[in-house]
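Pasting upload34.csv here (CSV, C-alpha atoms):
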chain,number,residue,atom,x,y,z
A,1,MET,CA,3.9,-28.0,-9.3
A,2,ALA,CA,5.6,-31.2,-10.4
A,3,THR,CA,9.2,-31.6,-9.2
A,4,GLN,CA,11.7,-30.9,-12.0
A,5,THR,CA,15.4,-31.1,-12.1
A,6,ARG,CA,17.7,-28.6,-13.8
A,7,ALA,CA,18.7,-31.3,-16.3
A,8,THR,CA,15.1,-31.8,-17.5
A,9,LEU,CA,14.8,-28.1,-18.2
A,10,ASP,CA,18.2,-27.4,-19.8
A,11,ALA,CA,20.8,-30.1,-20.1
A,12,GLY,CA,23.6,-27.6,-20.6
A,13,SER,CA,22.8,-24.5,-18.6
A,14,SER,CA,21.3,-23.4,-15.3
A,15,ASN,CA,19.8,-20.3,-17.0
A,16,ALA,CA,16.5,-21.9,-17.9
A,17,TYR,CA,16.0,-23.2,-14.4
A,18,SER,CA,16.8,-19.8,-12.9
A,19,ALA,CA,14.4,-18.1,-15.3
A,20,LEU,CA,11.6,-20.6,-14.5
A,21,ILE,CA,12.0,-19.9,-10.7
A,22,THR,CA,12.0,-16.1,-11.1
A,23,GLU,CA,9.0,-16.2,-13.5
A,24,LEU,CA,7.2,-18.4,-10.9
A,25,VAL,CA,7.7,-15.9,-8.2
A,26,ALA,CA,6.6,-13.0,-10.4
A,27,SER,CA,3.5,-14.8,-11.6
A,28,GLN,CA,2.5,-15.8,-8.1
A,29,ALA,CA,3.0,-12.2,-6.9
A,30,GLN,CA,0.7,-10.9,-9.6
A,31,GLU,CA,-1.9,-13.5,-8.7
A,32,ASN,CA,-1.7,-12.4,-5.0
A,33,LEU,CA,-2.2,-8.8,-6.0
A,34,ARG,CA,-5.2,-9.6,-8.2
A,35,ASN,CA,-7.0,-12.0,-5.9
A,36,ARG,CA,-6.0,-11.8,-2.3
A,37,LEU,CA,-4.9,-8.4,-1.2
A,38,VAL,CA,-7.0,-5.2,-0.8
A,39,HIS,CA,-4.8,-2.1,-0.1
A,40,ALA,CA,-2.6,-2.9,-3.1
A,41,MET,CA,-5.4,-4.1,-5.4
A,42,PRO,CA,-5.4,-2.4,-8.8
A,43,GLY,CA,-8.4,-0.2,-9.1
A,44,ASN,CA,-8.3,1.0,-5.5
A,45,TYR,CA,-5.5,3.4,-6.2
A,46,THR,CA,-4.2,5.7,-8.9
A,47,ALA,CA,-0.8,4.9,-10.5
A,48,GLY,CA,1.9,7.5,-10.2
A,49,ARG,CA,4.5,8.1,-12.9
A,50,PHE,CA,8.2,7.8,-12.4
A,51,GLN,CA,10.0,11.0,-13.5
A,52,LYS,CA,13.1,10.2,-15.4
A,53,GLY,CA,16.2,12.1,-14.3
A,54,SER,CA,14.9,12.2,-10.7
A,55,ASN,CA,14.1,9.8,-7.9
A,56,GLU,CA,10.4,10.9,-7.6
A,57,ILE,CA,7.0,9.4,-8.4
A,58,ARG,CA,4.6,12.2,-9.5
A,59,TYR,CA,0.9,12.5,-9.9
A,60,ALA,CA,-0.7,15.4,-11.8
A,61,ARG,CA,-3.8,17.0,-10.5
A,62,TYR,CA,-6.1,19.4,-12.3
A,63,PRO,CA,-8.1,21.4,-9.7
A,64,ASP,CA,-11.8,22.0,-10.4
A,65,LEU,CA,-12.7,25.4,-11.8
A,66,THR,CA,-14.7,27.7,-9.4
A,67,PRO,CA,-18.4,27.7,-10.4
A,68,LEU,CA,-20.1,31.0,-11.0
A,69,GLY,CA,-22.4,32.6,-8.4
A,70,VAL,CA,-25.5,34.8,-8.8
A,71,ALA,CA,-23.4,38.0,-8.7
A,72,ASP,CA,-21.0,36.8,-11.5
A,73,THR,CA,-23.0,38.4,-14.3
A,74,LEU,CA,-21.7,39.6,-17.6
A,75,THR,CA,-21.8,43.3,-18.5
A,76,GLU,CA,-23.2,44.2,-21.9
A,77,ALA,CA,-20.5,43.8,-24.6
A,78,GLY,CA,-18.0,43.3,-21.8
A,79,ALA,CA,-15.3,40.6,-21.9
A,80,PRO,CA,-16.0,37.6,-19.7
A,81,ALA,CA,-13.7,36.8,-16.9
A,82,GLU,CA,-11.1,34.1,-17.6
A,83,TYR,CA,-10.4,30.9,-15.9
A,84,ASP,CA,-6.8,29.6,-15.2
A,85,LEU,CA,-6.4,25.9,-15.8
A,86,THR,CA,-3.8,24.9,-13.2
A,87,ILE,CA,-1.8,21.8,-13.1
A,88,THR,CA,-0.6,20.7,-9.7
A,89,THR,CA,1.6,17.7,-8.9
A,90,GLU,CA,2.1,15.6,-5.9
A,91,SER,CA,5.3,13.7,-5.5
A,92,PHE,CA,7.1,11.2,-3.3
A,93,VAL,CA,10.4,9.4,-3.2
A,94,PRO,CA,9.9,5.6,-3.3
A,95,LYS,CA,12.0,3.4,-1.1
A,96,GLN,CA,13.7,0.1,-1.8
A,97,TYR,CA,12.8,-3.1,-0.1
A,98,GLY,CA,14.0,-6.6,-0.4
A,99,LYS,CA,14.9,-9.9,1.3
A,100,VAL,CA,16.4,-13.3,0.5
A,101,LEU,CA,15.7,-16.8,1.5
A,102,LYS,CA,18.3,-19.6,1.5
A,103,ILE,CA,17.9,-23.4,1.2
A,104,SER,CA,20.8,-25.8,1.8
A,105,ASP,CA,21.6,-28.7,-0.4
A,106,LEU,CA,21.0,-31.1,2.5
A,107,ALA,CA,17.5,-29.7,3.1
A,108,GLN,CA,16.7,-30.2,-0.5
A,109,LEU,CA,18.0,-33.8,-0.4
A,110,ASP,CA,16.3,-34.8,2.8
A,111,SER,CA,12.9,-33.1,2.3
A,112,PRO,CA,10.1,-35.1,0.8
A,113,HIS,CA,8.7,-31.8,-0.7
A,114,ASP,CA,9.8,-29.5,-3.5
A,115,LEU,CA,11.4,-26.9,-1.4
A,116,ILE,CA,12.2,-24.5,-4.3
A,117,ALA,CA,8.5,-24.5,-5.4
A,118,ILE,CA,7.3,-24.0,-1.8
A,119,ALA,CA,9.9,-21.2,-1.2
A,120,SER,CA,8.9,-19.5,-4.4
A,121,GLU,CA,5.2,-19.4,-3.3
A,122,ARG,CA,6.1,-18.1,0.2
A,123,LEU,CA,8.5,-15.5,-1.2
A,124,ALA,CA,5.8,-14.2,-3.6
A,125,ARG,CA,3.3,-14.0,-0.9
A,126,ALA,CA,5.8,-12.2,1.4
A,127,ALA,CA,6.6,-9.7,-1.3
A,128,THR,CA,3.0,-8.8,-2.1
A,129,GLU,CA,1.9,-8.7,1.6
A,130,SER,CA,4.8,-6.4,2.2
A,131,MET,CA,3.5,-4.1,-0.6
A,132,ASP,CA,0.0,-4.2,0.8
A,133,ASN,CA,1.1,-3.5,4.4
A,134,ILE,CA,3.3,-0.6,3.4
A,135,ILE,CA,0.5,1.0,1.4
A,136,ARG,CA,-1.8,0.4,4.4
A,137,ASP,CA,0.5,2.2,6.8
A,138,VAL,CA,0.9,5.2,4.4
A,139,ILE,CA,-2.8,5.7,3.9
A,140,ASN,CA,-3.5,5.4,7.6
A,141,GLN,CA,-1.2,8.3,8.4
A,142,GLY,CA,-3.8,10.6,7.0
A,143,THR,CA,-5.3,13.3,9.2
A,144,ASN,CA,-8.8,13.3,7.8
A,145,VAL,CA,-10.3,11.3,10.6
A,146,ARG,CA,-13.6,11.0,12.6
A,147,TYR,CA,-14.0,9.0,15.7
A,148,ALA,CA,-17.0,6.7,16.5
A,149,ALA,CA,-19.7,8.1,18.8
A,150,GLY,CA,-18.5,11.6,18.0
A,151,ARG,CA,-15.4,11.4,20.2
A,152,ALA,CA,-12.9,14.2,19.8
A,153,SER,CA,-9.8,12.1,19.7
A,154,ARG,CA,-8.5,8.5,19.7
A,155,SER,CA,-7.6,8.8,23.4
A,156,LEU,CA,-11.3,9.4,24.2
A,157,VAL,CA,-12.7,6.4,22.3
A,158,GLN,CA,-14.6,4.1,24.7
A,159,SER,CA,-15.2,0.3,24.6
A,160,GLY,CA,-18.7,0.6,23.2
A,161,ASP,CA,-17.8,3.0,20.4
A,162,LYS,CA,-18.3,0.6,17.4
A,163,LEU,CA,-18.8,1.1,13.7
A,164,THR,CA,-22.6,1.0,13.3
A,165,GLY,CA,-25.0,1.6,10.4
A,166,LEU,CA,-25.6,5.1,11.7
A,167,GLU,CA,-21.8,5.8,11.8
A,168,ILE,CA,-21.5,4.6,8.2
A,169,LYS,CA,-24.4,6.9,7.1
A,170,GLN,CA,-22.8,9.9,8.9
A,171,THR,CA,-19.5,9.1,7.2
A,172,VAL,CA,-21.0,9.0,3.8
A,173,ALA,CA,-22.9,12.3,4.4
A,174,LYS,CA,-19.6,14.0,5.4
A,175,MET,CA,-17.8,12.6,2.3
A,176,LYS,CA,-20.6,13.9,0.1
A,177,ALA,CA,-20.6,17.2,1.8
A,178,ALA,CA,-16.8,17.4,1.1
A,179,ASN,CA,-17.6,16.8,-2.6
A,180,ILE,CA,-15.6,13.6,-2.6
A,181,PRO,CA,-16.7,11.8,-5.8
A,182,THR,CA,-17.8,8.1,-5.9
A,183,PHE,CA,-16.3,5.5,-8.2
A,184,ALA,CA,-17.8,4.9,-11.6
A,185,ASP,CA,-20.3,2.4,-10.2
A,186,GLY,CA,-21.8,5.1,-7.9
A,187,PHE,CA,-20.3,3.7,-4.7
A,188,TYR,CA,-17.6,4.7,-2.3
A,189,ARG,CA,-15.4,1.9,-1.0
A,190,ALA,CA,-14.2,1.0,2.5
A,191,ILE,CA,-11.6,-1.3,3.9
A,192,ILE,CA,-12.5,-2.8,7.3
A,193,HIS,CA,-11.2,-5.4,9.7
A,194,PRO,CA,-13.1,-8.7,10.1
A,195,SER,CA,-13.9,-7.7,13.7
A,196,VAL,CA,-15.5,-4.5,12.4
A,197,GLU,CA,-17.3,-6.6,9.7
A,198,PHE,CA,-18.9,-8.6,12.5
A,199,ASP,CA,-20.2,-5.5,14.2
A,200,VAL,CA,-21.6,-4.1,10.9
A,201,LEU,CA,-23.3,-7.3,9.9
A,202,THR,CA,-24.8,-7.9,13.4
A,203,ASP,CA,-26.0,-4.3,13.9
A,204,THR,CA,-29.6,-4.9,15.2
A,205,SER,CA,-30.7,-1.2,15.0
A,206,ALA,CA,-33.0,0.1,12.3
A,207,ASN,CA,-30.0,0.5,10.1
A,208,GLY,CA,-29.6,-2.7,7.9
A,209,PHE,CA,-27.0,-4.1,5.6
A,210,LEU,CA,-27.4,-5.1,1.9
A,211,GLU,CA,-25.5,-8.3,1.2
A,212,ALA,CA,-23.5,-8.6,-2.0
A,213,THR,CA,-26.0,-11.0,-3.5
A,214,LYS,CA,-28.8,-8.4,-3.3
A,215,TYR,CA,-27.3,-5.6,-5.5
A,216,THR,CA,-30.0,-4.0,-7.6
A,217,LYS,CA,-27.6,-3.9,-10.5
A,218,SER,CA,-25.0,-6.3,-11.7
A,219,LEU,CA,-21.6,-5.6,-10.2
A,220,GLU,CA,-18.5,-7.7,-10.3
A,221,LEU,CA,-17.4,-8.4,-6.7
A,222,LEU,CA,-14.2,-6.7,-5.5
A,223,ASN,CA,-11.5,-8.5,-3.7
A,224,GLY,CA,-12.7,-9.4,-0.2
A,225,GLU,CA,-16.0,-7.7,-0.7
A,226,ILE,CA,-18.9,-8.6,1.6
A,227,GLY,CA,-21.5,-6.3,0.1
A,228,ALA,CA,-22.8,-2.7,0.0
A,229,TYR,CA,-24.5,-0.4,2.5
A,230,ALA,CA,-25.5,3.3,2.4
A,231,GLY,CA,-23.6,3.8,-0.8
A,232,VAL,CA,-20.4,2.0,0.2
A,233,ARG,CA,-18.9,-1.3,-1.0
A,234,PHE,CA,-17.1,-3.0,1.9
A,235,MET,CA,-13.9,-5.0,1.5
A,236,VAL,CA,-12.6,-7.0,4.4
A,237,SER,CA,-8.9,-7.4,5.2
A,238,PRO,CA,-7.3,-9.0,8.3
A,239,SER,CA,-4.4,-6.6,7.9
A,240,ALA,CA,-6.6,-3.5,8.2
A,241,LYS,CA,-4.9,-1.0,10.4
A,242,THR,CA,-5.3,-1.1,14.2
A,243,TYR,CA,-3.8,1.0,17.0
A,244,THR,CA,-3.7,0.7,20.8
A,245,GLY,CA,-5.4,3.6,22.6
A,246,GLY,CA,-8.8,4.8,23.8
A,247,VAL,CA,-9.8,5.5,27.3
A,248,GLY,CA,-7.2,3.8,29.6
A,249,GLY,CA,-4.8,3.4,26.7
A,250,ALA,CA,-5.4,-0.4,26.3
A,251,LEU,CA,-8.2,-0.6,23.7
A,252,THR,CA,-7.7,-1.9,20.2
A,253,ILE,CA,-8.7,0.9,17.9
A,254,HIS,CA,-9.7,-0.1,14.3
A,255,SER,CA,-9.2,2.2,11.4
A,256,SER,CA,-11.9,1.8,8.7
A,257,PHE,CA,-10.7,3.5,5.5
A,258,PHE,CA,-13.6,5.0,3.4
A,259,PHE,CA,-12.5,6.4,0.1
A,260,GLY,CA,-13.3,7.6,-3.4
A,261,PRO,CA,-11.3,7.3,-6.6
A,262,ASP,CA,-7.8,8.9,-6.6
A,263,ALA,CA,-7.7,8.7,-2.8
A,264,TYR,CA,-4.1,7.4,-2.8
A,265,ILE,CA,-1.4,7.1,-5.4
A,266,VAL,CA,1.0,4.2,-5.7
A,267,GLY,CA,4.1,4.1,-7.9
A,268,ASP,CA,7.4,2.3,-8.4
A,269,SER,CA,10.7,3.2,-10.0
A,270,GLN,CA,11.8,-0.5,-9.7
A,271,THR,CA,9.1,-3.1,-10.4
A,272,LEU,CA,9.1,-6.1,-8.2
A,273,GLN,CA,11.9,-8.3,-9.3
A,274,SER,CA,12.7,-11.8,-8.2
A,275,TYR,CA,16.0,-13.7,-8.2
A,276,PHE,CA,17.2,-17.2,-8.0
A,277,VAL,CA,20.8,-18.3,-7.6
A,278,ALA,CA,21.4,-22.1,-7.9
A,279,PRO,CA,23.8,-23.8,-5.6
A,280,GLY,CA,27.4,-23.0,-6.6
A,281,GLY,CA,26.2,-19.9,-8.5
A,282,ASP,CA,28.8,-17.5,-7.1
A,283,HIS,CA,32.1,-17.5,-5.3
A,284,SER,CA,30.5,-17.3,-1.9
A,285,ASP,CA,29.2,-20.8,-2.4
A,286,PRO,CA,32.3,-22.6,-3.8
A,287,ILE,CA,31.1,-26.2,-3.2
A,288,ALA,CA,27.4,-25.7,-4.1
A,289,GLN,CA,25.7,-25.9,-0.8
A,290,VAL,CA,23.1,-23.2,-0.9
A,291,ALA,CA,20.3,-22.1,-3.2
A,292,THR,CA,19.2,-18.5,-2.8
A,293,LEU,CA,15.9,-16.9,-3.7
A,294,GLY,CA,15.0,-13.2,-3.2
A,295,PHE,CA,13.0,-10.2,-4.2
A,296,LYS,CA,13.6,-6.6,-4.6
A,297,MET,CA,11.4,-3.6,-5.3
A,298,ARG,CA,11.4,0.2,-5.1
A,299,PHE,CA,8.0,1.7,-4.6
A,300,GLY,CA,5.8,3.8,-2.3
A,301,ALA,CA,2.5,5.6,-1.9
A,302,ILE,CA,1.0,8.9,-0.8
A,303,LEU,CA,-2.5,10.1,0.1
A,304,ARG,CA,-3.9,12.5,-2.5
A,305,GLY,CA,-3.7,16.0,-1.1
A,306,GLU,CA,-1.3,15.1,1.7
A,307,GLY,CA,1.9,14.3,-0.1
A,308,ALA,CA,4.8,16.6,-1.0
A,309,THR,CA,3.2,18.9,-3.5
A,310,GLY,CA,4.3,21.6,-5.9
A,311,GLU,CA,3.8,23.1,-9.3
A,312,PHE,CA,5.7,21.6,-12.2
A,313,ASP,CA,8.3,24.4,-12.0
A,314,GLY,CA,8.8,23.7,-8.3
A,315,SER,CA,8.2,27.3,-7.3
A,316,ASP,CA,5.0,26.8,-5.3
A,317,THR,CA,3.3,24.4,-3.0
A,318,SER,CA,-0.3,23.6,-2.6
A,319,THR,CA,-2.5,20.8,-1.2
A,320,GLY,CA,-5.6,19.2,-2.6
A,321,GLN,CA,-8.9,18.0,-1.2
A,322,PRO,CA,-8.5,14.6,0.4
A,323,ARG,CA,-10.7,11.9,-1.1
A,324,TYR,CA,-11.0,9.7,1.9
A,325,LEU,CA,-12.3,9.7,5.5
A,326,ARG,CA,-11.0,7.3,8.1
A,327,VAL,CA,-13.3,6.2,11.0
A,328,GLU,CA,-11.6,5.0,14.2
A,329,SER,CA,-13.7,2.7,16.4
A,330,VAL,CA,-13.5,-0.3,18.6
A,331,ALA,CA,-14.8,-3.7,17.7
A,332,SER,CA,-16.1,-6.9,19.2
A,333,THR,CA,-13.6,-9.4,20.4
A,334,LEU,CA,-13.9,-12.5,18.2
Let me see the structure of the file written as structure tokens.
Amino acid sequence: MATQTRATLDAGSSNAYSALITELVASQAQENLRNRLVHAMPGNYTAGRFQKGSNEIRYARYPDLTPLGVADTLTEAGAPAEYDLTITTESFVPKQYGKVLKISDLAQLDSPHDLIAIASERLARAATESMDNIIRDVINQGTNVRYAAGRASRSLVQSGDKLTGLEIKQTVAKMKAANIPTFADGFYRAIIHPSVEFDVLTDTSANGFLEATKYTKSLELLNGEIGAYAGVRFMVSPSAKTYTGGVGGALTIHSSFFFGPDAYIVGDSQTLQSYFVAPGGDHSDPIAQVATLGFKMRFGAILRGEGATGEFDGSDTSTGQPRYLRVESVASTL
């Protein structure tokens, strides 16, 4: 970005310059969400809807109808049994997040770089990484978990319990058995850490891995995707969730998030907003010494089937079938 002065943008007002900076932060944030981050990537989640007059984000679910069995026959001239189409909602209250960054007039004068442009890029990145990490932490609070090597809990995971091709196939089988649907392309998706990626790609057992360049049908690659295996498209994120635990309590436990569509819901009641106040822009800076940049947002996420749930009238509560399965394992030290 070429360095511009306020005068070249608007000789009579600072409004144009402020608008340029806030637009720069917003556009860079959108670019980060589209091209760099995984948990907050559009298409991986379902958007919730803000309910006016409340502080809630809601997502409506329509449970499947129970199929008939061999004993559910009609009687001659008898009236058929009736289905009830139920509408269930899941809701959550989004939280507000924000932070500011300040640059002094002397820093701008002495620096050989365009500090405002650099700060705008860093601020946009921080805002979108914050969104991605918050969503990551929410979806990894889920209780639908299996542990590598068939361990009964995280505390029993051992140093050799890695995510292998066999573990992936077992996970897919459990998801299919739980009637978790695939995405429209026929695949599940998984978010894994680079250390887990290394173990999957170097698995020398009879279980192999199909690289992204060897798809049998044309598919547009997802953010961070490395390929597909056993019906799962794998996306790699260095911010994938880790814990400390296992036997001895000192192992790094990696959470690999396998999921289908509608696995988690993300919503906001205050879209990401960016702000720029030029030096001297308010009474706290009377002699124009500090430029302030900041962002603010109010949003949140829930796992489908594990949020605060209830019918539209608020008189009942129910839970839905989770559409994910987390696998906790160790990984090679890179």
Residue among A:Pro279, A:Pro286, A:Gly165, A:Gly267 lying closest to Ala228 of chain A, counting all atoms listed in the file | A:Gly165
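Pairwise distance (atom CA of Ala190 of chain A, atom CA of Val236 of chain A) equals 8.4 Å.
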Taking (18.1, -15.7, 3.9) in the file's own coordinates, collect the residues within 9 Å, counting all atoms listed in the file, and hand them back as a ChimeraX atom specification.
-> /A:99-103,292-294
Residues within 10 Å of Thr46 of chain A, all atoms listed in the file, excluding chain neighbours under 6 positions, as a ChimeraX atom specification = /A:59,261-267,301,304
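Across the structure, atom CA of Gly305 of chain A and atom CA of Asp161 of chain A are spaced 28.8 Å apart.
Picture a line from atom CA of Arg151 of chain A to atom CA of Leu325 of chain A; it runs 15.1 Å.
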Residue neighbourhood Asn140 of chain A, 9 Å, all atoms listed in the file, exclusion window fewer than 2 positions, as a VMD selection string | chain A and resid 135 to 138 142 to 143 241 255 257 303 326
At a cut-off of 10 Å, using all atoms listed in the file, what residues contact Asp72 of chain A? Leave out same-chain residues fewer than 5 positions from it and give the result as a tab-separated table (two decimals) with C-alpha atoms, in the coordinates of the input.
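The result, stored in selection-v4.tsv:
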chain	number	residue	atom	x	y	z
A	67	PRO	CA	-18.40	27.70	-10.40
A	80	PRO	CA	-16.00	37.60	-19.70
A	81	ALA	CA	-13.70	36.80	-16.90
Taking the point (11.5, -2.5, -3.6) as given in the file, collect each protein or nucleic acid residue that comes within 7 Å of it, counting all atoms listed in the file, and present the set as an MDAnalysis selection string.
-> chainID A and resid 95:98 270 272 296:299
Would you list the contacts of Ala107 of chain A as number ranges by chain, taking every protein, DNA or RNA residue within 10 Å and counting all atoms listed in the file, but skipping same-chain residues closer than 6 positions in sequence?
-> A: 113, 115, 289-290
With N, CA and C atoms as the target, complete segment 151-167 of chain A and hand it back as an mmCIF file, in the coordinates of the input.
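Final file, rebuild.cif:
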data_model
loop_
_atom_site.group_PDB
_atom_site.id
_atom_site.type_symbol
_atom_site.label_atom_id
_atom_site.label_comp_id
_atom_site.auth_asym_id
_atom_site.auth_seq_id
_atom_site.Cartn_x
_atom_site.Cartn_y
_atom_site.Cartn_z
ATOM 1 N N ARG A 151 -16.503 11.091 19.311
ATOM 2 C CA ARG A 151 -15.400 11.400 20.200
ATOM 3 C C ARG A 151 -14.451 12.406 19.530
ATOM 4 N N ALA A 152 -13.777 13.183 20.348
ATOM 5 C CA ALA A 152 -12.900 14.200 19.800
ATOM 6 C C ALA A 152 -11.530 13.754 19.445
ATOM 7 N N SER A 153 -11.105 12.603 19.957
ATOM 8 C CA SER A 153 -9.800 12.100 19.700
ATOM 9 C C SER A 153 -9.714 10.611 19.934
ATOM 10 N N ARG A 154 -8.639 9.988 19.491
ATOM 11 C CA ARG A 154 -8.500 8.500 19.700
ATOM 12 C C ARG A 154 -8.398 8.215 21.179
ATOM 13 N N SER A 155 -7.788 9.073 21.965
ATOM 14 C CA SER A 155 -7.600 8.800 23.400
ATOM 15 C C SER A 155 -8.944 8.796 24.144
ATOM 16 N N LEU A 156 -10.001 9.350 23.529
ATOM 17 C CA LEU A 156 -11.300 9.400 24.200
ATOM 18 C C LEU A 156 -12.274 8.333 23.742
ATOM 19 N N VAL A 157 -11.856 7.502 22.787
ATOM 20 C CA VAL A 157 -12.700 6.400 22.300
ATOM 21 C C VAL A 157 -12.942 5.412 23.424
ATOM 22 N N GLN A 158 -14.195 4.979 23.581
ATOM 23 C CA GLN A 158 -14.600 4.100 24.700
ATOM 24 C C GLN A 158 -14.889 2.674 24.115
ATOM 25 N N SER A 159 -15.024 1.725 25.017
ATOM 26 C CA SER A 159 -15.200 0.300 24.600
ATOM 27 C C SER A 159 -16.436 0.036 23.836
ATOM 28 N N GLY A 160 -17.458 0.860 23.971
ATOM 29 C CA GLY A 160 -18.700 0.600 23.200
ATOM 30 C C GLY A 160 -18.815 1.387 21.935
ATOM 31 N N ASP A 161 -17.767 2.103 21.548
ATOM 32 C CA ASP A 161 -17.800 3.000 20.400
ATOM 33 C C ASP A 161 -17.495 2.161 19.108
ATOM 34 N N LYS A 162 -18.492 1.455 18.579
ATOM 35 C CA LYS A 162 -18.300 0.600 17.400
ATOM 36 C C LYS A 162 -18.765 1.247 16.140
ATOM 37 N N LEU A 163 -18.365 0.673 15.012
ATOM 38 C CA LEU A 163 -18.800 1.100 13.700
ATOM 39 C C LEU A 163 -20.215 0.557 13.465
ATOM 40 N N THR A 164 -21.213 1.395 13.442
ATOM 41 C CA THR A 164 -22.600 1.000 13.300
ATOM 42 C C THR A 164 -23.125 1.513 11.923
ATOM 43 N N GLY A 165 -24.343 1.098 11.591
ATOM 44 C CA GLY A 165 -25.000 1.600 10.400
ATOM 45 C C GLY A 165 -25.122 3.115 10.417
ATOM 46 N N LEU A 166 -25.437 3.655 11.580
ATOM 47 C CA LEU A 166 -25.600 5.100 11.700
ATOM 48 C C LEU A 166 -24.238 5.797 11.478
ATOM 49 N N GLU A 167 -23.157 5.234 12.031
ATOM 50 C CA GLU A 167 -21.800 5.800 11.800
ATOM 51 C C GLU A 167 -21.467 5.818 10.340
#
